[in-house]
Amino acid sequence: MQHITAQLVDIKNRTIYPVKISFADGRITTIEKISINGEQTLPYILPGFIDAHVHVESSMLVPAEFARLAVVHGTVGTVSDPHEIANVCGMAGVEFMIQNGNTVPFKFNFGAPSCVPATVFETAGAVLDPFDVEQLLQRDEIRYLTEVMNFPGVLNGDPDMLAKITAAKNAGKVIDGHAPGLRGDDARRYAEAGISTDHECFTAEEALDKLQCGMKILIREGSAAKNFDALIGLLDEHYTNMMFCSDDKHPDSLATGHMNELCVRAVNHNIDVFKVLQAACINPVEHYKLDVGLLQVGDPADFILVRDLKKFEVLQTYIGGQLVAEDGISYIKASPETVINNFNCTPKQPADLAYQMSSDQPIPVIEAIDGQLITNKLLLKMQPVNGQLHSDVVNDILKIVVINRYHDAPVAKGFIKNFGFTEGAIASSVAHDSHNIVAVGVDDKSLCRAINLVIEAKGGVSCVNSKKEDVLPLPVAGLMSDRDGYQVAEAYTAIDTMAKSLGSKLSAPFMTLSFMALLVIPHLKLSDKGLFDGDEFRLAP
């Protein structure tokens, strides 16, 4: 039997009082109110934080290493979409995430990926059909149907998409949404199909529209997509129907903070702390029916102790009654992991990247937006040189390419604005959602070298400038490292700094790059099959 004396933050009853909590065999046995003298200072005890929607793979860490870093910040569980590795390795990838997550005391709650591949306009490494999804949903450890990105399929009655939704309903499991920009009657029809959440809202008006349709809204603040400032004003009134999530969190930012940072920011916006904690701790557990304790007798002993309710400095994190982190130190042990991958392309030549064009007619150009997944679609004139178009560094219009990583195929090419490089190139095999190789750079030689560094490593992120080159290998599905999480965070910080030194003003160049092939987010993207118009939902002419 273990005992803790602390100030209990009773979120639902909106009270705080001193208690002695006892727990044994991983569960809370008693909660006893106590009296303390006026000079005694106790820490606050509250349910652990839940990241209500995250792709663990985007941390570049396997689940066990993600957990090692996250528990330090008071996170006890996640609602985890293994969509990324499923697009690479299929059912074997989902199984890898579950098994690896089971090696550590952390509440990973994986879902059945609904859209593998995300669209037919790109090459993925696997397909999960309705039968596969139904098989996954029948498993106890699979908690929900992950984000239904094919919202046009829902609205237009796509049989495969509807079959997956029906399978989730039959299994009694929640269905997650993903419908950026969807409003009005279309949003209502999407919700009525059974979609219960959305984490893609980038304006308060859109979020309010979906709240009024009965959907729960997740306030997302990740390494690339940052919607906190746009949506936080809704939390005061709609706190029972909102949650916090990161969606995608790179290792360097996970090493410094997680959901605790969003609680700090929300309280600094003068939002009542009980409402903030309702969103951060309670709502995900209740919505997804998670086996995570909420500080009730009989619950799993999952909780955190914090110094105060403003800075949320985490003193201790308990999961299943086990102390897993204390004073910034993780007690979860690192362990070597088996590598799973699907990477079959060969090195490229600069000539493979040539963009043939003899006229100066306007061409579609992607405009990247810092802190957002959406892009703008520009029509710009570029001057051909010897029948080819090249990067225009002066006007910040750089060449972007996508290479099929599953088999050799012609390179898809386009142009992008706002990366700001004045030299060199970067490349990545983290390229949502099919995770082909995406690269952007100022010249074909640099581009080609950055791409080949990734190919030689069978996955990773790379950077090349006039003096040096670097690569962070990601051998697990070309998405994750098999190394210690803190070492990966340090290595990523170094290569991210190098990428920014090329001239970029983007807050996260690699994370932004990884979403330039994400076709289900408007307005213009590039897949391995060519430019994709997200508004028309088809390959651009």
# chains A, B, ... in the order shown; residues from 1 in each chain; ligands from 1
>>> residues_around(residues="Ala540 (chain A)", least_positions_apart="6", cutoff="6 Å", atoms="only C-alpha atoms", output="list in words")
Leu531, Phe532 and Asp533 of chain A
>>> write_last_selection(atoms="N, CA and C atoms", output="CSV table (one decimal), in the first residue's frame")
chain,number,residue,atom,x,y,z
A,531,LEU,N,1.2,17.4,-58.9
A,531,LEU,CA,0.5,18.5,-58.2
A,531,LEU,C,-1.0,18.1,-58.0
A,532,PHE,N,-1.4,18.4,-56.8
A,532,PHE,CA,-2.8,18.0,-56.4
A,532,PHE,C,-3.6,19.3,-56.0
A,533,ASP,N,-4.7,19.5,-56.6
A,533,ASP,CA,-5.6,20.6,-56.2
A,533,ASP,C,-6.6,20.1,-55.2
>>> select_by_dssp(residues="region 311-512 of chain A", states="strand (DSSP E)", output="PyMOL selection string")
chain A and resi 314-319+322-326+329-330+355-356+363-367+376-380+388-389+397-403+412-417+425-428+437-441+460-464+469-473
>>> closest_residue(among="A:Gly459, A:Pro364, A:Pro384, A:Pro300", to="Pro475 (chain A)", atoms="only C-alpha atoms")
A:Gly459
>>> residues_around(residues="region 488-503 of chain A", least_positions_apart="2", cutoff="7 Å", atoms="only C-alpha atoms", output="ChimeraX atom specification")
/A:251-252,255,420-424,426,463,470,472,483-486,505,509
>>> closest_residue(among="A:Asp433, A:Glu206, A:Asp308, A:Asp229", to="Val9 (chain A)", atoms="only C-alpha atoms")
A:Asp308
>>> select_by_dssp(residues="region 266-501 of chain A", states="helix (DSSP H, G or I)", output="ChimeraX atom specification")
/A:266-268,273-288,350-353,444-456,485-500
>>> closest_atom_pairs(of="region 378-436 of chain A", to="region 72-89 of chain A", cutoff="8 Å", atoms="only C-alpha atoms", output="Markdown table")
| residue | atom | partner | partner_atom | distance |
| --- | --- | --- | --- | --- |
| A:His432 | CA | A:Glu84 | CA | 7.2 |
| A:Asp433 | CA | A:Glu84 | CA | 6.3 |
| A:Ser434 | CA | A:Asn87 | CA | 5.5 |
| A:His435 | CA | A:Val88 | CA | 7.0 |
>>> atom_distance(atom1="CA of Ala279 (chain A)", atom2="CA of Ser253 (chain A)")
21.3 Å
>>> closest_residue(among="A:Gly414, A:Phe66, A:Glu57, A:Val401", to="Val476 (chain A)", atoms="only C-alpha atoms")
A:Glu57
>>> closest_residue(among="A:His269, A:Arg143, A:Lys417, A:Arg14", to="Ser504 (chain A)", atoms="only C-alpha atoms")
A:Lys417
>>> closest_residue(among="A:Pro63, A:Gly181, A:Pro47, A:Gly111", to="Gln138 (chain A)", atoms="only C-alpha atoms")
A:Gly111
>>> closest_residue(among="A:Pro152, A:Thr15, A:Ala24, A:Asn395", to="Phe537 (chain A)", atoms="only C-alpha atoms")
A:Pro152
>>> atom_distance(atom1="CA of Ser359 (chain A)", atom2="CA of Ala450 (chain A)")
29.0 Å
>>> decode(residues="region 57-104 of chain A", atoms="N, CA and C atoms", output="PDB file, in the first residue's frame")
ATOM      1  N   GLU A  57       4.393   8.507 -34.449  1.00  0.00           N
ATOM      2  CA  GLU A  57       5.469   8.398 -35.424  1.00  0.00           C
ATOM      3  C   GLU A  57       6.096   9.761 -35.737  1.00  0.00           C
ATOM      4  N   SER A  58       5.316  10.833 -35.650  1.00  0.00           N
ATOM      5  CA  SER A  58       5.833  12.149 -36.001  1.00  0.00           C
ATOM      6  C   SER A  58       6.841  12.680 -34.984  1.00  0.00           C
ATOM      7  N   SER A  59       6.915  12.035 -33.829  1.00  0.00           N
ATOM      8  CA  SER A  59       7.954  12.391 -32.861  1.00  0.00           C
ATOM      9  C   SER A  59       9.305  11.823 -33.274  1.00  0.00           C
ATOM     10  N   MET A  60       9.311  11.008 -34.327  1.00  0.00           N
ATOM     11  CA  MET A  60      10.509  10.296 -34.797  1.00  0.00           C
ATOM     12  C   MET A  60      10.997   9.282 -33.778  1.00  0.00           C
ATOM     13  N   LEU A  61      10.134   8.957 -32.818  1.00  0.00           N
ATOM     14  CA  LEU A  61      10.460   8.009 -31.764  1.00  0.00           C
ATOM     15  C   LEU A  61       9.479   6.854 -31.796  1.00  0.00           C
ATOM     16  N   VAL A  62       9.958   5.653 -31.470  1.00  0.00           N
ATOM     17  CA  VAL A  62       9.037   4.530 -31.299  1.00  0.00           C
ATOM     18  C   VAL A  62       8.205   4.815 -30.050  1.00  0.00           C
ATOM     19  N   PRO A  63       7.037   4.170 -29.906  1.00  0.00           N
ATOM     20  CA  PRO A  63       6.156   4.494 -28.776  1.00  0.00           C
ATOM     21  C   PRO A  63       6.843   4.472 -27.407  1.00  0.00           C
ATOM     22  N   ALA A  64       7.681   3.480 -27.158  1.00  0.00           N
ATOM     23  CA  ALA A  64       8.326   3.391 -25.845  1.00  0.00           C
ATOM     24  C   ALA A  64       9.177   4.616 -25.557  1.00  0.00           C
ATOM     25  N   GLU A  65       9.866   5.124 -26.571  1.00  0.00           N
ATOM     26  CA  GLU A  65      10.698   6.314 -26.379  1.00  0.00           C
ATOM     27  C   GLU A  65       9.850   7.574 -26.268  1.00  0.00           C
ATOM     28  N   PHE A  66       8.758   7.634 -27.023  1.00  0.00           N
ATOM     29  CA  PHE A  66       7.815   8.743 -26.876  1.00  0.00           C
ATOM     30  C   PHE A  66       7.351   8.822 -25.433  1.00  0.00           C
ATOM     31  N   ALA A  67       6.990   7.678 -24.869  1.00  0.00           N
ATOM     32  CA  ALA A  67       6.508   7.636 -23.489  1.00  0.00           C
ATOM     33  C   ALA A  67       7.575   8.124 -22.518  1.00  0.00           C
ATOM     34  N   ARG A  68       8.820   7.732 -22.733  1.00  0.00           N
ATOM     35  CA  ARG A  68       9.913   8.152 -21.845  1.00  0.00           C
ATOM     36  C   ARG A  68       9.965   9.665 -21.727  1.00  0.00           C
ATOM     37  N   LEU A  69       9.768  10.365 -22.839  1.00  0.00           N
ATOM     38  CA  LEU A  69       9.840  11.822 -22.818  1.00  0.00           C
ATOM     39  C   LEU A  69       8.542  12.448 -22.314  1.00  0.00           C
ATOM     40  N   ALA A  70       7.409  11.874 -22.698  1.00  0.00           N
ATOM     41  CA  ALA A  70       6.113  12.501 -22.397  1.00  0.00           C
ATOM     42  C   ALA A  70       5.775  12.479 -20.917  1.00  0.00           C
ATOM     43  N   VAL A  71       6.142  11.408 -20.202  1.00  0.00           N
ATOM     44  CA  VAL A  71       5.740  11.293 -18.787  1.00  0.00           C
ATOM     45  C   VAL A  71       6.388  12.377 -17.934  1.00  0.00           C
ATOM     46  N   VAL A  72       7.522  12.874 -18.354  1.00  0.00           N
ATOM     47  CA  VAL A  72       8.188  13.944 -17.603  1.00  0.00           C
ATOM     48  C   VAL A  72       7.298  15.181 -17.522  1.00  0.00           C
ATOM     49  N   HIS A  73       6.448  15.371 -18.530  1.00  0.00           N
ATOM     50  CA  HIS A  73       5.587  16.547 -18.602  1.00  0.00           C
ATOM     51  C   HIS A  73       4.170  16.263 -18.089  1.00  0.00           C
ATOM     52  N   GLY A  74       3.978  15.119 -17.445  1.00  0.00           N
ATOM     53  CA  GLY A  74       2.687  14.817 -16.846  1.00  0.00           C
ATOM     54  C   GLY A  74       1.689  14.130 -17.758  1.00  0.00           C
ATOM     55  N   THR A  75       2.121  13.731 -18.948  1.00  0.00           N
ATOM     56  CA  THR A  75       1.236  12.992 -19.851  1.00  0.00           C
ATOM     57  C   THR A  75       1.216  11.532 -19.427  1.00  0.00           C
ATOM     58  N   VAL A  76       0.019  10.999 -19.219  1.00  0.00           N
ATOM     59  CA  VAL A  76      -0.104   9.589 -18.820  1.00  0.00           C
ATOM     60  C   VAL A  76      -0.674   8.730 -19.939  1.00  0.00           C
ATOM     61  N   GLY A  77      -1.212   9.379 -20.982  1.00  0.00           N
ATOM     62  CA  GLY A  77      -1.792   8.604 -22.074  1.00  0.00           C
ATOM     63  C   GLY A  77      -1.999   9.451 -23.313  1.00  0.00           C
ATOM     64  N   THR A  78      -2.234   8.761 -24.403  1.00  0.00           N
ATOM     65  CA  THR A  78      -2.495   9.416 -25.678  1.00  0.00           C
ATOM     66  C   THR A  78      -3.640   8.704 -26.385  1.00  0.00           C
ATOM     67  N   VAL A  79      -4.300   9.419 -27.262  1.00  0.00           N
ATOM     68  CA  VAL A  79      -5.202   8.834 -28.249  1.00  0.00           C
ATOM     69  C   VAL A  79      -4.391   8.831 -29.535  1.00  0.00           C
ATOM     70  N   SER A  80      -3.880   7.659 -29.892  1.00  0.00           N
ATOM     71  CA  SER A  80      -2.807   7.554 -30.885  1.00  0.00           C
ATOM     72  C   SER A  80      -3.314   6.959 -32.189  1.00  0.00           C
ATOM     73  N   ASP A  81      -3.077   7.691 -33.258  1.00  0.00           N
ATOM     74  CA  ASP A  81      -3.461   7.246 -34.590  1.00  0.00           C
ATOM     75  C   ASP A  81      -2.220   6.681 -35.297  1.00  0.00           C
ATOM     76  N   PRO A  82      -2.140   5.352 -35.510  1.00  0.00           N
ATOM     77  CA  PRO A  82      -0.972   4.756 -36.162  1.00  0.00           C
ATOM     78  C   PRO A  82      -1.054   4.817 -37.684  1.00  0.00           C
ATOM     79  N   HIS A  83      -1.731   5.836 -38.158  1.00  0.00           N
ATOM     80  CA  HIS A  83      -1.975   6.025 -39.587  1.00  0.00           C
ATOM     81  C   HIS A  83      -0.679   6.113 -40.393  1.00  0.00           C
ATOM     82  N   GLU A  84       0.345   6.735 -39.811  1.00  0.00           N
ATOM     83  CA  GLU A  84       1.578   6.961 -40.565  1.00  0.00           C
ATOM     84  C   GLU A  84       2.270   5.645 -40.898  1.00  0.00           C
ATOM     85  N   ILE A  85       2.524   4.830 -39.884  1.00  0.00           N
ATOM     86  CA  ILE A  85       3.206   3.567 -40.129  1.00  0.00           C
ATOM     87  C   ILE A  85       2.313   2.599 -40.895  1.00  0.00           C
ATOM     88  N   ALA A  86       0.997   2.726 -40.750  1.00  0.00           N
ATOM     89  CA  ALA A  86       0.088   1.866 -41.511  1.00  0.00           C
ATOM     90  C   ALA A  86       0.203   2.143 -43.001  1.00  0.00           C
ATOM     91  N   ASN A  87       0.406   3.400 -43.368  1.00  0.00           N
ATOM     92  CA  ASN A  87       0.578   3.750 -44.780  1.00  0.00           C
ATOM     93  C   ASN A  87       1.868   3.173 -45.354  1.00  0.00           C
ATOM     94  N   VAL A  88       2.821   2.885 -44.501  1.00  0.00           N
ATOM     95  CA  VAL A  88       4.102   2.332 -44.945  1.00  0.00           C
ATOM     96  C   VAL A  88       4.102   0.809 -44.890  1.00  0.00           C
ATOM     97  N   CYS A  89       3.656   0.258 -43.760  1.00  0.00           N
ATOM     98  CA  CYS A  89       3.802  -1.178 -43.496  1.00  0.00           C
ATOM     99  C   CYS A  89       2.485  -1.917 -43.277  1.00  0.00           C
ATOM    100  N   GLY A  90       1.356  -1.241 -43.401  1.00  0.00           N
ATOM    101  CA  GLY A  90       0.077  -1.914 -43.285  1.00  0.00           C
ATOM    102  C   GLY A  90      -0.212  -2.441 -41.897  1.00  0.00           C
ATOM    103  N   MET A  91      -0.895  -3.574 -41.834  1.00  0.00           N
ATOM    104  CA  MET A  91      -1.295  -4.165 -40.555  1.00  0.00           C
ATOM    105  C   MET A  91      -0.082  -4.472 -39.688  1.00  0.00           C
ATOM    106  N   ALA A  92       1.032  -4.858 -40.305  1.00  0.00           N
ATOM    107  CA  ALA A  92       2.242  -5.142 -39.537  1.00  0.00           C
ATOM    108  C   ALA A  92       2.729  -3.893 -38.811  1.00  0.00           C
ATOM    109  N   GLY A  93       2.523  -2.727 -39.417  1.00  0.00           N
ATOM    110  CA  GLY A  93       2.915  -1.484 -38.784  1.00  0.00           C
ATOM    111  C   GLY A  93       2.073  -1.177 -37.556  1.00  0.00           C
ATOM    112  N   VAL A  94       0.762  -1.382 -37.661  1.00  0.00           N
ATOM    113  CA  VAL A  94      -0.119  -1.166 -36.511  1.00  0.00           C
ATOM    114  C   VAL A  94       0.264  -2.117 -35.379  1.00  0.00           C
ATOM    115  N   GLU A  95       0.526  -3.366 -35.726  1.00  0.00           N
ATOM    116  CA  GLU A  95       0.918  -4.352 -34.721  1.00  0.00           C
ATOM    117  C   GLU A  95       2.221  -3.955 -34.045  1.00  0.00           C
ATOM    118  N   PHE A  96       3.160  -3.407 -34.824  1.00  0.00           N
ATOM    119  CA  PHE A  96       4.425  -2.944 -34.252  1.00  0.00           C
ATOM    120  C   PHE A  96       4.177  -1.884 -33.184  1.00  0.00           C
ATOM    121  N   MET A  97       3.315  -0.916 -33.482  1.00  0.00           N
ATOM    122  CA  MET A  97       3.055   0.169 -32.534  1.00  0.00           C
ATOM    123  C   MET A  97       2.426  -0.364 -31.246  1.00  0.00           C
ATOM    124  N   ILE A  98       1.482  -1.279 -31.386  1.00  0.00           N
ATOM    125  CA  ILE A  98       0.818  -1.841 -30.206  1.00  0.00           C
ATOM    126  C   ILE A  98       1.820  -2.596 -29.344  1.00  0.00           C
ATOM    127  N   GLN A  99       2.601  -3.471 -29.969  1.00  0.00           N
ATOM    128  CA  GLN A  99       3.544  -4.299 -29.217  1.00  0.00           C
ATOM    129  C   GLN A  99       4.632  -3.456 -28.567  1.00  0.00           C
ATOM    130  N   ASN A 100       5.156  -2.477 -29.297  1.00  0.00           N
ATOM    131  CA  ASN A 100       6.180  -1.625 -28.714  1.00  0.00           C
ATOM    132  C   ASN A 100       5.617  -0.792 -27.575  1.00  0.00           C
ATOM    133  N   GLY A 101       4.408  -0.284 -27.749  1.00  0.00           N
ATOM    134  CA  GLY A 101       3.778   0.489 -26.688  1.00  0.00           C
ATOM    135  C   GLY A 101       3.539  -0.324 -25.428  1.00  0.00           C
ATOM    136  N   ASN A 102       3.314  -1.629 -25.596  1.00  0.00           N
ATOM    137  CA  ASN A 102       3.061  -2.507 -24.449  1.00  0.00           C
ATOM    138  C   ASN A 102       4.308  -2.786 -23.619  1.00  0.00           C
ATOM    139  N   THR A 103       5.479  -2.359 -24.088  1.00  0.00           N
ATOM    140  CA  THR A 103       6.712  -2.621 -23.344  1.00  0.00           C
ATOM    141  C   THR A 103       6.946  -1.614 -22.227  1.00  0.00           C
ATOM    142  N   VAL A 104       6.112  -0.583 -22.148  1.00  0.00           N
ATOM    143  CA  VAL A 104       6.318   0.454 -21.130  1.00  0.00           C
ATOM    144  C   VAL A 104       5.013   0.753 -20.406  1.00  0.00           C
TER     145      VAL A 104
END
